[in-house]
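Trainee: Submitted below is the structure of interest, expressed as structure tokens.
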Amino acid sequence: MTARFSGLPVSAGVSVGEIYLGDGPEGGVAAGEDAVRAAFVAVASERSAFAARLRARGEDTQAGIVEIGALIAADPALTGPALDAVRAGTDAVTAVTAAAQAQADVLAALPDPSLSERAGDVRQVAAAVLAELRRTAGEATPPAPPDRPFILVRRDVDPAELIRLADSGARLTGAVSVGGGASSHAAIVARGLGLPMLARADAGVLDSRSGHPAILDANAGLLIVDPATTAAIPAQAVHSPAAGGFVTTRDGERITLLCNVASAAETRLGLSAGAAGVGLLRTEIPFIGSRGWPSEEDLIRQLEPILRELAGRPAVVRLLDFSGDKIPPFLHNGGKTGLSALLSAPGALDAQLRAITRTAEAARAELAVLVPMVSAPDEVGQVRERLATAAAAAGLGTVPELGIMVEVAATAANAAEFAKSADFFSIGTNDLASEVLGFDRTDPRGGPSSAADPRVLDLIATTVQAAGQAGIKVSVCGDAAADPRVLPRLLALGVRVLSVGAASVPRVAGLIAAADTTGTTSAAS
């Protein structure tokens, strides 16, 4: 019987997979004071070591989140009451759970959501301590995740677990948490991984059974378990790309599938799902809170762990895109943003191009550079000249290809002119649709499906045709590339390269495999 569970969308996207219940069994465990103390120490030590490994790879944001768990597990404010209760005769499970809940209640009462949602961190540490107690006592623990696409369901999804699963190449496609919220660390990690996630889900979801098929629509805030018929949702099928990241449509067209990333963990997730490489590496995400332009060393630290994963694979690195909802504090003065700010800031572009070329050369990635928010051909010329200088300094034998984001309506309409100065186009459907339809990017009406509007599709068609006539490559990297309504239309218009969120790769591969590129023949259909 189909069951539907609502929740708060905290990381957008749609995914499919079987339910995997990650919480351990309930009930007591035979453990004394020494065993409880050892379990807290083990959790703190493991998380501290994991954080150190992440930091050594340059994944500072994730390392910081994992370190918080280590500090909580070692905090006397949590361990003290739990150990006191055990000494007084309380069983270990009740003692740890009650101590954690008392701490969580204090945090949950704070008015600032960024602090109140740390209550979930305390409960997650308690769950990890209880799992460690059961493991050392030889009692039942949750089974290992399946080797098929799965959706993690827990009372409190643990950010450290999300990172580990992505790190291990597990086929995680989404997560559902009864606790948490948009500011929780699990939500922050999920967004960084491009992983659809719901928080504050109906508690009844915990009664679901592992192994049952499900659809997670984190755009609509819904988890559907045991959908009435999988035949009714062929577009949601999960598929693995062939070697090389290619997927063949029903009518025999070969489509290259890449992934959009901002972290090494996200990159591993996409590659493990079969992506050919990275079609959009967002470089601005770690620096949105910065108070100045990142230095060459800052950028290398961010890029190195990602590009190291991409040896011999495509790596399309986008220049800093401080625009829209991604404007850091130092640009909050009402002045220039986006590409104009980057081009006018002394040394900022050169520092980034040196970092990109040096790091890509060391990693042996197949580098291409992508310029965002281009509105004039001379902007491309400015970047090309400085890219050539950086490439020569880095010892690259050839200058990397230089492409432009087509996400401004005027640029799309004049794509034939821009094709003279660019090596490839990457169509950003999010901003393009928002401008054409007059929606703010945060407006729900401006979601991925809005790119199916004939006015948007006409501009995409113009761009694809201009690229074909000029003999340059074209891809779509916006969210519409993963939308079941829009994707078939993109293929019908001649798009043969798609780049999507890392967690969406298996689902989009299924969409492609089910598509017939002759099924939609015009932009307005």
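Here, A, B, ... name the chains of the structure tokens in the order displayed, residue numbers run from 1 inside each chain, and ligands are numbered from 1 in the same displayed order.
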Need to verify the contact set: Gly194 (chain A), 6 Å, only C-alpha atoms, exclusion of same-chain residues closer than 4 positions in sequence. Can you return it as a ChimeraX atom specification?

Mentor: /A:501-503

Trainee: Can you measure CA of Ala362 (chain A) to CA of Trp293 (chain A) for me? One decimal in Å is fine.

Mentor: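 So the answer is 23.6 Å.
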
Trainee: Can you write out as CSV which residues of region 25-112 of chain A fall within 12 Å of region 263-284 of chain A, alongside each residue's closest atom pair and its distance in Å to one decimal, counting only C-alpha atoms and ordering rows by chain and ascending residue number?

Mentor:
residue,atom,partner,partner_atom,distance
A:Leu54,CA,A:Ala265,CA,9.6
A:Arg55,CA,A:Ala264,CA,11.6
A:Arg57,CA,A:Ala264,CA,8.5
A:Gly58,CA,A:Ala264,CA,8.8
A:Glu59,CA,A:Ser263,CA,7.3
A:Asp60,CA,A:Ser263,CA,10.1
A:Thr61,CA,A:Ser263,CA,9.6
A:Gln62,CA,A:Ala265,CA,9.3
A:Ala63,CA,A:Ala265,CA,11.6

Trainee: Skip Ala74 (chain A) itself and residues of its chain fewer than 4 positions away, then list as a list in words all residues within 7 Å of it, counting only C-alpha atoms.

Mentor: Phe40, Val41, Ala44, Ala70 and Thr79 of chain A

Trainee: Give me a file of those residues, with C-alpha atoms, as a compact mmCIF listing (two decimals), in the first residue's frame.

Mentor:
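The result, stored in part.txt:
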# COMPACT_ATOMS: atom_id res chain seq x y z
CA PHE A 40 31.67 8.29 24.38
CA VAL A 41 35.47 8.27 24.00
CA ALA A 44 34.73 11.44 20.02
CA ALA A 70 33.54 15.10 18.40
CA THR A 79 28.84 12.66 29.49

Trainee: Go through A:Asp431, A:Glu117, A:Glu297, A:Asp325 and flag the residue nearest Met405 (chain A), using only C-alpha atoms for the distances.

Mentor: A:Asp431

Trainee: Enumerate the residues of region 198-434 of chain A with a DSSP assignment of helix (DSSP H, G or I), computed from the backbone, and present them as a PyMOL selection string.

Mentor: chain A and resi 203-207+230-232+234-236+264-272+285-287+296-308+329-331+338-344+348-363+377-394+409-413+415-418+429-434

Trainee: Find, counting only C-alpha atoms, the residue in A:Asn219, A:Ser449, A:Ser344, A:Thr256 that gets nearest to Leu491 (chain A).

Mentor: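 The closest residue to Leu491 (chain A) is A:Thr256.
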
Trainee: So how far away is CA of Ala190 (chain A) from CA of Gly204 (chain A), in Å?

Mentor: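 Here the two named atoms are 22.2 Å from each other.
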
Trainee: With distances taken over only C-alpha atoms, which residue among A:Thr90, A:Leu343, A:Gly494, A:Ser11 lies nearest Ala186 (chain A)?

Mentor: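 Looking at the shortest contact to Ala186 (chain A), the residue is A:Ser11.
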